[in-house]
Amino acid sequence: MNGASTAGGYRAADLVGYATELLAGVGLPQEKASRTAEILVEGDMLGHTTHGLALLPGYLSALQDGSMSKDGDHLVVADSGATATWDGRRLPGPWLVSTGIELGIARAKMHGSFTLAIRRSHHIACLAAYLQKATDEGLVILVASSDPTVESVAPFGGTRRMITPNPLAAGIPTSGKPILLDISMSTTTNAMVTRARDQGAALPHSWLLDADGTPTSDPGAFFTDPPGSILPLGGTELGYKGFGLGLLIEALTSGLGGHGRADPAEGWGASVFIQLFDPTAFGGWDSFNRQLDVLADRVRQNPPVPGNDKVRLPGERGLDLKARQLRSGVELHASIMPALKTWATKLWVQIPRIQEPIELTEQS
């Protein structure tokens, strides 16, 4: 990219500051506000534009109406050293999960592994945004979530909503860039369907069922009465695999946490599962690293299919995007800043400016 310029974007630090001020403006304590803002901006930098700052208006509304708690800490339901269960008291999900991972890093290094279930968390945003905190410490991490008060995915062979997309994220350290995985157990997500509906656009494929069970790419079918549903991962042919994995996520999150669909609905939120492993407690770091490096090299050296420039590891594109946006600015989805403008005006928070485009060289 010698001599090429890129369009200007927002400085990541400015976006974190902006989001922090908005959250603090509706009464969220500073430390919780800044941690939540960091996770939201991280989601945008990795390219998960439906699960970054696009979530902030909903978070602000939830804080204002009291459905997201502001003050205090989680409650410890159980703690055996290598496992723990928290009641999140509907506190901000990004703060709860970040706090849990910090504890998990210390406990995994002590015990070899650590597992945490969090019940009654508020929404936790982009799962991929949490992973590098652990992989930077040389740890493997799994994060999964479900929302026990939301139904959007039908069981395989069924037509009525039952569970949420139930994402699973994994961070795997290597000697180079980590492998970062963030996959829902459904063909698409609630947020992507809503964005397509709002933009008047069809989905790329028939990822939904209408209320009669007919596959469709029309996002409007999701909002009818009775409503349509999102197909499980694998679609109409192999969706039994995705739905089975979705049930596994329900067990790991709501099941282990002891709070879920068997309980009264409390509103938008999450049940969360976090697990960390220290390779040094197993076959050793050098052995782990040797195995993963060989796998990573074989992926990258695999001949690409026609029309594809190269084969990438999971998360590689997002990490490259993050590095580029840290240099040249974060390019937000067009819907995000207009949705936040009303809050900025109401709370007397200055909207950040787009930085000037910068010249990129081959060295940068």
# chains A, B, ... in the order shown; residues from 1 in each chain; ligands from 1
>>> closest_atom_pairs(of="stretch 84-126 of chain A", to="stretch 24-46 of chain A", cutoff="10 Å", atoms="only C-alpha atoms", output="JSON lines")
{"residue": "A:Leu91", "atom": "CA", "partner": "A:Lys32", "partner_atom": "CA", "distance": 9.1}
{"residue": "A:Pro92", "atom": "CA", "partner": "A:Thr36", "partner_atom": "CA", "distance": 7.2}
{"residue": "A:Gly93", "atom": "CA", "partner": "A:Thr36", "partner_atom": "CA", "distance": 7.8}
{"residue": "A:Pro94", "atom": "CA", "partner": "A:Thr36", "partner_atom": "CA", "distance": 5.0}
{"residue": "A:Trp95", "atom": "CA", "partner": "A:Thr36", "partner_atom": "CA", "distance": 5.7}
{"residue": "A:Leu96", "atom": "CA", "partner": "A:Lys32", "partner_atom": "CA", "distance": 8.8}
{"residue": "A:Val97", "atom": "CA", "partner": "A:Thr36", "partner_atom": "CA", "distance": 9.9}
{"residue": "A:Ser98", "atom": "CA", "partner": "A:Arg35", "partner_atom": "CA", "distance": 7.7}
{"residue": "A:Thr99", "atom": "CA", "partner": "A:Arg35", "partner_atom": "CA", "distance": 9.3}
{"residue": "A:Ile124", "atom": "CA", "partner": "A:Ile39", "partner_atom": "CA", "distance": 9.0}
{"residue": "A:Ala125", "atom": "CA", "partner": "A:Leu40", "partner_atom": "CA", "distance": 6.7}
{"residue": "A:Cys126", "atom": "CA", "partner": "A:Gly43", "partner_atom": "CA", "distance": 5.5}
>>> write_last_selection(atoms="N, CA and C atoms", output="PDB file, in the first residue's frame")
ATOM      1  N   LEU A  91     -26.080  -6.668  36.195  1.00  0.00           N
ATOM      2  CA  LEU A  91     -25.068  -5.633  35.980  1.00  0.00           C
ATOM      3  C   LEU A  91     -24.574  -5.699  34.531  1.00  0.00           C
ATOM      4  N   PRO A  92     -23.880  -4.663  34.045  1.00  0.00           N
ATOM      5  CA  PRO A  92     -23.429  -4.648  32.644  1.00  0.00           C
ATOM      6  C   PRO A  92     -22.600  -5.879  32.289  1.00  0.00           C
ATOM      7  N   GLY A  93     -23.014  -6.575  31.231  1.00  0.00           N
ATOM      8  CA  GLY A  93     -22.344  -7.798  30.838  1.00  0.00           C
ATOM      9  C   GLY A  93     -20.866  -7.631  30.519  1.00  0.00           C
ATOM     10  N   PRO A  94     -20.484  -6.605  29.751  1.00  0.00           N
ATOM     11  CA  PRO A  94     -19.056  -6.440  29.460  1.00  0.00           C
ATOM     12  C   PRO A  94     -18.193  -6.292  30.712  1.00  0.00           C
ATOM     13  N   TRP A  95     -18.706  -5.624  31.718  1.00  0.00           N
ATOM     14  CA  TRP A  95     -17.948  -5.473  32.964  1.00  0.00           C
ATOM     15  C   TRP A  95     -17.882  -6.809  33.706  1.00  0.00           C
ATOM     16  N   LEU A  96     -19.000  -7.520  33.784  1.00  0.00           N
ATOM     17  CA  LEU A  96     -19.015  -8.803  34.478  1.00  0.00           C
ATOM     18  C   LEU A  96     -18.078  -9.810  33.822  1.00  0.00           C
ATOM     19  N   VAL A  97     -18.173  -9.935  32.495  1.00  0.00           N
ATOM     20  CA  VAL A  97     -17.363 -10.935  31.800  1.00  0.00           C
ATOM     21  C   VAL A  97     -15.881 -10.577  31.883  1.00  0.00           C
ATOM     22  N   SER A  98     -15.546  -9.303  31.712  1.00  0.00           N
ATOM     23  CA  SER A  98     -14.144  -8.888  31.837  1.00  0.00           C
ATOM     24  C   SER A  98     -13.602  -9.190  33.225  1.00  0.00           C
ATOM     25  N   THR A  99     -14.404  -8.911  34.241  1.00  0.00           N
ATOM     26  CA  THR A  99     -13.999  -9.198  35.620  1.00  0.00           C
ATOM     27  C   THR A  99     -13.821 -10.697  35.828  1.00  0.00           C
ATOM     28  N   ILE A 124     -23.945  -9.197  26.978  1.00  0.00           N
ATOM     29  CA  ILE A 124     -22.483  -9.188  27.086  1.00  0.00           C
ATOM     30  C   ILE A 124     -21.770  -8.729  25.820  1.00  0.00           C
ATOM     31  N   ALA A 125     -22.496  -8.265  24.794  1.00  0.00           N
ATOM     32  CA  ALA A 125     -21.898  -7.700  23.581  1.00  0.00           C
ATOM     33  C   ALA A 125     -21.163  -8.765  22.767  1.00  0.00           C
ATOM     34  N   CYS A 126     -20.052  -8.390  22.129  1.00  0.00           N
ATOM     35  CA  CYS A 126     -19.334  -9.257  21.189  1.00  0.00           C
ATOM     36  C   CYS A 126     -18.405 -10.205  21.947  1.00  0.00           C
TER      37      CYS A 126
END
>>> residues_around(residues="stretch 188-196 of chain A", least_positions_apart="4", cutoff="7 Å", atoms="only C-alpha atoms", output="number ranges by chain")
A: 50, 165, 200-203, 207, 219, 230
>>> residues_around(residues="A:Gly239", least_positions_apart="3", cutoff="9 Å", atoms="only C-alpha atoms", output="list in words")
Pro155, Phe156, Gly157, Ser186, Thr187, Leu231, Pro232, Leu233, Gly234, Gly235, Thr236, Gly242, Phe243 and Gly244 of chain A
>>> closest_residue(among="A:Ile179, A:Val272, A:Ala106, A:Ala128", to="A:Gly255", atoms="only C-alpha atoms")
A:Val272
>>> closest_residue(among="A:Ile105, A:Leu168, A:Leu139, A:Ile163", to="A:Glu151", atoms="only C-alpha atoms")
A:Ile163
>>> residues_around(residues="A:Tyr10", least_positions_apart="5", cutoff="10 Å", atoms="only C-alpha atoms", output="list in words")
Leu15, Gln325, Leu326, Ser328, Gly329, Val330, Glu331, Leu332, Pro352, Arg353, Ile354, Gln355 and Glu356 of chain A
>>> select_by_dssp(residues="stretch 194-346 of chain A", states="strand (DSSP E)", output="PyMOL selection string")
chain A and resi 208-209+215-216+229-230+270-277
>>> closest_residue(among="A:Pro338, A:Gly9, A:Pro303, A:Pro279", to="A:Ser113", atoms="only C-alpha atoms")
A:Pro279
>>> closest_residue(among="A:Val16, A:Met162, A:Ala265, A:Ala344", to="A:Ser67", atoms="only C-alpha atoms")
A:Ala265
>>> select_by_dssp(residues="stretch 164-318 of chain A", states="helix (DSSP H, G or I)", output="number ranges by chain")
A: 190-199, 219-223, 235-257, 279-281, 285-301, 316-318
>>> residues_around(residues="A:Leu313", least_positions_apart="6", cutoff="8 Å", atoms="only C-alpha atoms", output="PyMOL selection string")
chain A and resi 179+296+299-300
>>> write_last_selection(atoms="N, CA, C and O atoms", output="mmCIF file, in the first residue's frame")
data_model
loop_
_atom_site.group_PDB
_atom_site.id
_atom_site.type_symbol
_atom_site.label_atom_id
_atom_site.label_comp_id
_atom_site.auth_asym_id
_atom_site.auth_seq_id
_atom_site.Cartn_x
_atom_site.Cartn_y
_atom_site.Cartn_z
ATOM 1 N N ILE A 179 -5.572 -17.596 17.294
ATOM 2 C CA ILE A 179 -6.761 -18.022 16.563
ATOM 3 C C ILE A 179 -7.970 -17.558 17.364
ATOM 4 O O ILE A 179 -8.089 -17.870 18.557
ATOM 5 N N ALA A 296 -1.528 -24.011 12.138
ATOM 6 C CA ALA A 296 -1.691 -22.689 11.554
ATOM 7 C C ALA A 296 -0.956 -22.580 10.221
ATOM 8 O O ALA A 296 -1.490 -22.031 9.242
ATOM 9 N N VAL A 299 -2.844 -24.426 7.489
ATOM 10 C CA VAL A 299 -4.020 -23.675 7.015
ATOM 11 C C VAL A 299 -3.594 -22.609 6.020
ATOM 12 O O VAL A 299 -4.145 -22.499 4.914
ATOM 13 N N ARG A 300 -2.604 -21.823 6.390
ATOM 14 C CA ARG A 300 -2.189 -20.711 5.531
ATOM 15 C C ARG A 300 -1.584 -21.193 4.213
ATOM 16 O O ARG A 300 -1.662 -20.499 3.199
#
>>> residues_around(residues="A:Glu316", least_positions_apart="5", cutoff="9 Å", atoms="only C-alpha atoms", output="PyMOL selection string")
chain A and resi 177-180+321
>>> closest_residue(among="A:Ala169, A:Ala270, A:Ala13, A:Leu248", to="A:Arg90", atoms="only C-alpha atoms")
A:Ala270
>>> closest_residue(among="A:Ser217, A:Asn166, A:Ser335, A:Thr345", to="A:Leu53", atoms="only C-alpha atoms")
A:Ser335
>>> atom_distance(atom1="atom CA of A:Arg261", atom2="atom CA of A:Ile249")
12.9 Å
>>> atom_distance(atom1="atom CA of A:Ile274", atom2="atom CA of A:Gly171")
11.4 Å
>>> atom_distance(atom1="atom CA of A:Lys310", atom2="atom CA of A:Thr174")
19.6 Å
